[in-house]
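Written out below as structure tokens is the structure these notes cover.
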Amino acid sequence: MLQSLEELVSALTKLPAIGRKSAWRLALYLMERPEAESKYLADTVLAVRRKIRRCVVCHNYSENEVCSVCASQARDRSVICIVEKPTDVFTIENAGRYRGLYHVLGGLLSPLNGITAEKLQIASLKERIRAGDDDVKETIIGLGGSGDAETTALYLARILRDEGVRVTRFARGLPAGLELEHVDQLTLTQALTERIDVMYRD
């Protein structure tokens, strides 16, 4: 088999949900298209990577220093939904029912994998609340259903209650162990609308 084609297949398998069979189909498809299309795809990926940055407030992807959600005065600035990654913001936005702000943690607590609170955007979340610029009254923990998500939710509940804000989470309609981006919009909307207060033990 051609080594260069194998390298392309190997690169494509690094994309989410792309196995070797799908990677082979994509690789062969690209080989059969005009070279200009492949160049356009490659140039677009590089251009987007150079243009996109992290919002200095919520850490979501943005083309400006402050993202459009954080900059909008039409959003409900008393509520912050805390999510694991930028993909989750897009998922919730596509559901079309949430009008508050966001905060992207950049991961989940996982001590066994060396991911501690210091490696996540938790300190900046506390700073946002303490600064009082948005008069935050409620934080919604919008994490998935994995064990690490549960650990992170309980940790956040403890430290955020110390900041004097209400802490809620999505209703239990979300399937256990499923990441937010794979939840259908109807289930997500219901879970968000029927959110519950987080209970934890000291």
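Chains: A, B, ... in order of the structure tokens. Residues: from 1 per chain. Ligands: from 1, in order shown.
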So that each row is one residue of region 10-80 of chain A with an atom at most 7 Å from region 101-105 of chain A, can you give its shortest atom pair and the distance in Å to one decimal, using only C-alpha atoms, rows by chain and rising number, as a tab-separated table?
residue	atom	partner	partner_atom	distance
A:Cys58	CA	A:His103	CA	4.4
A:His59	CA	A:Val104	CA	5.5
A:Asn60	CA	A:Val104	CA	6.0
A:Val69	CA	A:Leu101	CA	6.6
A:Cys70	CA	A:Leu101	CA	6.5
A:Arg75	CA	A:Leu101	CA	6.8
A:Asp76	CA	A:Leu101	CA	6.8
A:Arg77	CA	A:Leu101	CA	6.1
A:Val79	CA	A:Leu101	CA	6.1
A:Ile80	CA	A:Leu101	CA	4.6
Next item on the list: Please identify all polymer residues within 12 Å of region 28-30 of chain A, counting only C-alpha atoms, omitting same-chain residues fewer than 3 positions from it, and present them as number ranges by chain.
Entry: A: 2, 4-6, 8-9, 12, 21-25, 33-42
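For region 160-162 of chain A, the set of protein, DNA and RNA residues having any atom at most 9 Å away, when counting only C-alpha atoms and skipping those fewer than 4 positions along the same chain, is Lys126, Ile129, Thr139, Tyr155, Leu156, Arg166 and Val167 of chain A.
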Those residues with all heavy atoms, as a short mmCIF file (atom, residue, chain, number, x, y, z; two decimals), in the first residue's frame please?
data_model
loop_
_atom_site.label_atom_id
_atom_site.label_comp_id
_atom_site.auth_asym_id
_atom_site.auth_seq_id
_atom_site.Cartn_x
_atom_site.Cartn_y
_atom_site.Cartn_z
N LYS A 126 -14.24 32.05 39.70
CA LYS A 126 -14.43 32.71 40.99
C LYS A 126 -14.16 34.21 40.89
O LYS A 126 -14.86 35.02 41.50
CB LYS A 126 -13.54 32.07 42.06
CG LYS A 126 -13.94 30.65 42.43
CD LYS A 126 -13.30 30.19 43.72
CE LYS A 126 -11.81 30.02 43.58
NZ LYS A 126 -11.22 29.44 44.82
N ILE A 129 -17.15 36.04 39.40
CA ILE A 129 -18.25 36.20 40.36
C ILE A 129 -17.92 37.26 41.40
O ILE A 129 -18.75 38.11 41.74
CB ILE A 129 -18.56 34.85 41.03
CG1 ILE A 129 -19.09 33.86 39.98
CG2 ILE A 129 -19.57 35.02 42.17
CD1 ILE A 129 -19.22 32.44 40.47
N THR A 139 -25.32 29.92 39.07
CA THR A 139 -24.41 29.20 38.19
C THR A 139 -25.03 27.84 37.88
O THR A 139 -25.47 27.13 38.78
CB THR A 139 -23.03 28.99 38.82
OG1 THR A 139 -23.17 28.38 40.11
CG2 THR A 139 -22.29 30.31 38.97
N TYR A 155 -17.42 19.40 43.36
CA TYR A 155 -16.35 20.33 43.76
C TYR A 155 -16.79 21.77 43.49
O TYR A 155 -16.64 22.66 44.35
CB TYR A 155 -15.06 20.01 43.00
CG TYR A 155 -13.93 20.97 43.29
CD1 TYR A 155 -13.14 20.82 44.42
CD2 TYR A 155 -13.67 22.05 42.43
CE1 TYR A 155 -12.11 21.71 44.70
CE2 TYR A 155 -12.65 22.95 42.69
CZ TYR A 155 -11.86 22.77 43.83
OH TYR A 155 -10.85 23.65 44.09
N LEU A 156 -17.35 22.01 42.31
CA LEU A 156 -17.81 23.35 41.97
C LEU A 156 -18.94 23.81 42.89
O LEU A 156 -18.99 24.98 43.29
CB LEU A 156 -18.29 23.38 40.51
CG LEU A 156 -17.21 23.28 39.43
CD1 LEU A 156 -17.86 23.12 38.06
CD2 LEU A 156 -16.30 24.50 39.45
N ARG A 166 -26.43 30.84 43.83
CA ARG A 166 -27.19 29.61 43.71
C ARG A 166 -26.48 28.68 42.71
O ARG A 166 -26.00 29.13 41.68
CB ARG A 166 -28.60 29.91 43.22
CG ARG A 166 -29.49 28.68 43.11
CD ARG A 166 -30.82 29.03 42.47
NE ARG A 166 -31.66 27.84 42.34
CZ ARG A 166 -32.70 27.75 41.52
NH1 ARG A 166 -33.04 28.78 40.77
NH2 ARG A 166 -33.40 26.64 41.46
N VAL A 167 -26.43 27.40 43.03
CA VAL A 167 -25.77 26.42 42.15
C VAL A 167 -26.79 25.38 41.73
O VAL A 167 -27.36 24.67 42.55
CB VAL A 167 -24.59 25.72 42.87
CG1 VAL A 167 -23.88 24.77 41.90
CG2 VAL A 167 -23.61 26.74 43.42
#
Note to self: Just list as a list of chain:residue names whatever in region 16-151 of chain A DSSP marks as strand (DSSP E).
What the structure shows: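 Here is the list: A:Arg53, A:Arg54, A:Tyr61, A:Ser62, A:Asp76, A:Arg77, A:Ser78, A:Val79, A:Ile80, A:Cys81, A:Ile82, A:Val83, A:Gly100, A:Leu101, A:Tyr102, A:His103, A:Val104, A:Glu138, A:Thr139, A:Ile140, A:Ile141.
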Please write the residues from the selection above to a file, keeping N, CA, C and O atoms, as a PDB file, in the first residue's frame.
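The new file selection_9.pdb reads:
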ATOM      1  N   ARG A  53      -9.318  32.540  18.740  1.00  0.00           N
ATOM      2  CA  ARG A  53      -8.598  32.603  20.017  1.00  0.00           C
ATOM      3  C   ARG A  53      -9.569  32.248  21.133  1.00  0.00           C
ATOM      4  O   ARG A  53     -10.711  31.893  20.882  1.00  0.00           O
ATOM      5  N   ARG A  54      -9.107  32.342  22.358  1.00  0.00           N
ATOM      6  CA  ARG A  54      -9.976  32.111  23.518  1.00  0.00           C
ATOM      7  C   ARG A  54     -10.454  33.445  24.064  1.00  0.00           C
ATOM      8  O   ARG A  54      -9.666  34.377  24.245  1.00  0.00           O
ATOM      9  N   TYR A  61     -14.275  29.815  22.304  1.00  0.00           N
ATOM     10  CA  TYR A  61     -13.636  30.273  21.081  1.00  0.00           C
ATOM     11  C   TYR A  61     -14.217  31.616  20.658  1.00  0.00           C
ATOM     12  O   TYR A  61     -15.408  31.872  20.803  1.00  0.00           O
ATOM     13  N   SER A  62     -13.361  32.467  20.105  1.00  0.00           N
ATOM     14  CA  SER A  62     -13.796  33.788  19.704  1.00  0.00           C
ATOM     15  C   SER A  62     -12.865  34.331  18.626  1.00  0.00           C
ATOM     16  O   SER A  62     -11.695  33.950  18.552  1.00  0.00           O
ATOM     17  N   ASP A  76     -28.784  37.378  29.596  1.00  0.00           N
ATOM     18  CA  ASP A  76     -29.075  37.449  31.025  1.00  0.00           C
ATOM     19  C   ASP A  76     -27.749  37.304  31.775  1.00  0.00           C
ATOM     20  O   ASP A  76     -27.195  36.216  31.896  1.00  0.00           O
ATOM     21  N   ARG A  77     -27.237  38.398  32.303  1.00  0.00           N
ATOM     22  CA  ARG A  77     -25.912  38.421  32.895  1.00  0.00           C
ATOM     23  C   ARG A  77     -25.899  37.977  34.355  1.00  0.00           C
ATOM     24  O   ARG A  77     -24.862  38.007  35.016  1.00  0.00           O
ATOM     25  N   SER A  78     -27.047  37.549  34.846  1.00  0.00           N
ATOM     26  CA  SER A  78     -27.111  37.068  36.231  1.00  0.00           C
ATOM     27  C   SER A  78     -26.895  35.556  36.313  1.00  0.00           C
ATOM     28  O   SER A  78     -26.853  34.995  37.410  1.00  0.00           O
ATOM     29  N   VAL A  79     -26.783  34.890  35.143  1.00  0.00           N
ATOM     30  CA  VAL A  79     -26.658  33.431  35.115  1.00  0.00           C
ATOM     31  C   VAL A  79     -25.436  33.034  34.286  1.00  0.00           C
ATOM     32  O   VAL A  79     -25.242  33.539  33.176  1.00  0.00           O
ATOM     33  N   ILE A  80     -24.630  32.129  34.825  1.00  0.00           N
ATOM     34  CA  ILE A  80     -23.491  31.582  34.090  1.00  0.00           C
ATOM     35  C   ILE A  80     -23.635  30.065  34.017  1.00  0.00           C
ATOM     36  O   ILE A  80     -23.805  29.401  35.038  1.00  0.00           O
ATOM     37  N   CYS A  81     -23.584  29.526  32.808  1.00  0.00           N
ATOM     38  CA  CYS A  81     -23.605  28.077  32.614  1.00  0.00           C
ATOM     39  C   CYS A  81     -22.157  27.598  32.470  1.00  0.00           C
ATOM     40  O   CYS A  81     -21.432  28.051  31.581  1.00  0.00           O
ATOM     41  N   ILE A  82     -21.759  26.690  33.333  1.00  0.00           N
ATOM     42  CA  ILE A  82     -20.380  26.193  33.345  1.00  0.00           C
ATOM     43  C   ILE A  82     -20.321  24.901  32.541  1.00  0.00           C
ATOM     44  O   ILE A  82     -21.039  23.939  32.834  1.00  0.00           O
ATOM     45  N   VAL A  83     -19.459  24.881  31.522  1.00  0.00           N
ATOM     46  CA  VAL A  83     -19.350  23.709  30.653  1.00  0.00           C
ATOM     47  C   VAL A  83     -17.896  23.247  30.581  1.00  0.00           C
ATOM     48  O   VAL A  83     -16.974  23.964  30.974  1.00  0.00           O
ATOM     49  N   GLY A 100     -28.331  33.056  28.983  1.00  0.00           N
ATOM     50  CA  GLY A 100     -27.354  33.560  29.937  1.00  0.00           C
ATOM     51  C   GLY A 100     -25.945  33.561  29.373  1.00  0.00           C
ATOM     52  O   GLY A 100     -25.728  33.498  28.173  1.00  0.00           O
ATOM     53  N   LEU A 101     -24.957  33.609  30.280  1.00  0.00           N
ATOM     54  CA  LEU A 101     -23.548  33.608  29.914  1.00  0.00           C
ATOM     55  C   LEU A 101     -22.965  32.206  30.071  1.00  0.00           C
ATOM     56  O   LEU A 101     -23.646  31.292  30.532  1.00  0.00           O
ATOM     57  N   TYR A 102     -21.687  32.051  29.714  1.00  0.00           N
ATOM     58  CA  TYR A 102     -21.008  30.757  29.804  1.00  0.00           C
ATOM     59  C   TYR A 102     -19.653  30.901  30.490  1.00  0.00           C
ATOM     60  O   TYR A 102     -19.092  31.996  30.567  1.00  0.00           O
ATOM     61  N   HIS A 103     -19.146  29.765  30.942  1.00  0.00           N
ATOM     62  CA  HIS A 103     -17.763  29.693  31.397  1.00  0.00           C
ATOM     63  C   HIS A 103     -17.235  28.309  31.035  1.00  0.00           C
ATOM     64  O   HIS A 103     -17.799  27.294  31.452  1.00  0.00           O
ATOM     65  N   VAL A 104     -16.169  28.265  30.232  1.00  0.00           N
ATOM     66  CA  VAL A 104     -15.595  27.009  29.761  1.00  0.00           C
ATOM     67  C   VAL A 104     -14.440  26.607  30.673  1.00  0.00           C
ATOM     68  O   VAL A 104     -13.440  27.332  30.776  1.00  0.00           O
ATOM     69  N   GLU A 138     -26.813  33.042  39.819  1.00  0.00           N
ATOM     70  CA  GLU A 138     -26.951  31.588  39.651  1.00  0.00           C
ATOM     71  C   GLU A 138     -25.866  31.067  38.722  1.00  0.00           C
ATOM     72  O   GLU A 138     -25.528  31.681  37.713  1.00  0.00           O
ATOM     73  N   THR A 139     -25.320  29.917  39.072  1.00  0.00           N
ATOM     74  CA  THR A 139     -24.406  29.199  38.185  1.00  0.00           C
ATOM     75  C   THR A 139     -25.032  27.837  37.877  1.00  0.00           C
ATOM     76  O   THR A 139     -25.472  27.133  38.784  1.00  0.00           O
ATOM     77  N   ILE A 140     -25.089  27.502  36.591  1.00  0.00           N
ATOM     78  CA  ILE A 140     -25.630  26.209  36.162  1.00  0.00           C
ATOM     79  C   ILE A 140     -24.463  25.309  35.793  1.00  0.00           C
ATOM     80  O   ILE A 140     -23.655  25.655  34.924  1.00  0.00           O
ATOM     81  N   ILE A 141     -24.350  24.168  36.443  1.00  0.00           N
ATOM     82  CA  ILE A 141     -23.293  23.227  36.115  1.00  0.00           C
ATOM     83  C   ILE A 141     -23.784  22.373  34.948  1.00  0.00           C
ATOM     84  O   ILE A 141     -24.602  21.478  35.113  1.00  0.00           O
TER      85      ILE A 141
END
Note to self: Run DSSP on the backbone and tell me which residues of chain A come out as helix (DSSP H, G or I); list them as a PyMOL selection string.
What the structure shows: chain A and resi 3-12+20-32+35-51+68-71+86-95+111-113+117-119+122-131+147-161+180-182+185-193
Notebook entry, point to check: Using only C-alpha atoms, which residues sit within 8 Å of Leu109 (chain A) once same-chain residues fewer than 3 positions away are excluded, as an NGL selection string?
Noted result: :A and (115-117 or 120 or 148-149 or 151-152)
Can you write just those residues out, all heavy atoms, as a compact mmCIF listing (two decimals), in the first residue's frame?
# COMPACT_ATOMS: atom_id res chain seq x y z
N ILE A 115 -5.21 15.88 36.35
CA ILE A 115 -5.96 17.11 36.07
C ILE A 115 -6.58 17.61 37.37
O ILE A 115 -7.58 17.07 37.84
CB ILE A 115 -7.05 16.88 35.00
CG1 ILE A 115 -6.43 16.32 33.72
CG2 ILE A 115 -7.78 18.19 34.71
CD1 ILE A 115 -7.44 15.97 32.65
N THR A 116 -5.96 18.63 37.95
CA THR A 116 -6.42 19.20 39.21
C THR A 116 -7.13 20.53 38.94
O THR A 116 -7.14 21.03 37.81
CB THR A 116 -5.22 19.43 40.15
OG1 THR A 116 -4.30 20.32 39.50
CG2 THR A 116 -4.52 18.11 40.46
N ALA A 117 -7.68 21.11 40.00
CA ALA A 117 -8.41 22.36 39.86
C ALA A 117 -7.54 23.48 39.30
O ALA A 117 -8.03 24.35 38.57
CB ALA A 117 -8.98 22.77 41.22
N LEU A 120 -7.61 23.82 35.49
CA LEU A 120 -8.87 24.21 34.87
C LEU A 120 -9.14 25.70 35.11
O LEU A 120 -8.48 26.32 35.94
CB LEU A 120 -10.01 23.35 35.41
CG LEU A 120 -9.86 21.84 35.25
CD1 LEU A 120 -11.06 21.13 35.86
CD2 LEU A 120 -9.69 21.45 33.79
N ASP A 148 -16.04 11.67 36.16
CA ASP A 148 -15.25 12.89 36.32
C ASP A 148 -16.14 14.12 36.33
O ASP A 148 -15.88 15.08 37.06
CB ASP A 148 -14.21 13.00 35.20
CG ASP A 148 -13.06 12.02 35.36
OD1 ASP A 148 -12.88 11.50 36.47
OD2 ASP A 148 -12.35 11.77 34.36
N ALA A 149 -17.21 14.10 35.53
CA ALA A 149 -18.15 15.22 35.51
C ALA A 149 -18.86 15.36 36.85
O ALA A 149 -19.06 16.47 37.35
CB ALA A 149 -19.18 15.04 34.39
N THR A 151 -17.69 14.33 39.80
CA THR A 151 -16.68 14.82 40.76
C THR A 151 -16.50 16.32 40.62
O THR A 151 -16.44 17.06 41.61
CB THR A 151 -15.33 14.11 40.53
OG1 THR A 151 -15.50 12.71 40.73
CG2 THR A 151 -14.27 14.64 41.48
N THR A 152 -16.40 16.78 39.38
CA THR A 152 -16.22 18.21 39.12
C THR A 152 -17.43 19.01 39.58
O THR A 152 -17.28 20.09 40.16
CB THR A 152 -15.97 18.45 37.61
OG1 THR A 152 -14.89 17.63 37.17
CG2 THR A 152 -15.63 19.91 37.35
Next item on the list: Could you tell me which of A:Ile122, A:Val45, A:Asp134, A:Gly142 comes closest to Tyr98 (chain A) if we count only C-alpha atoms?
Entry: A:Gly142
Notebook entry, point to check: So how far away is CA of Ile52 (chain A) from CA of Met31 (chain A), in Å?
Noted result: 28.6 Å
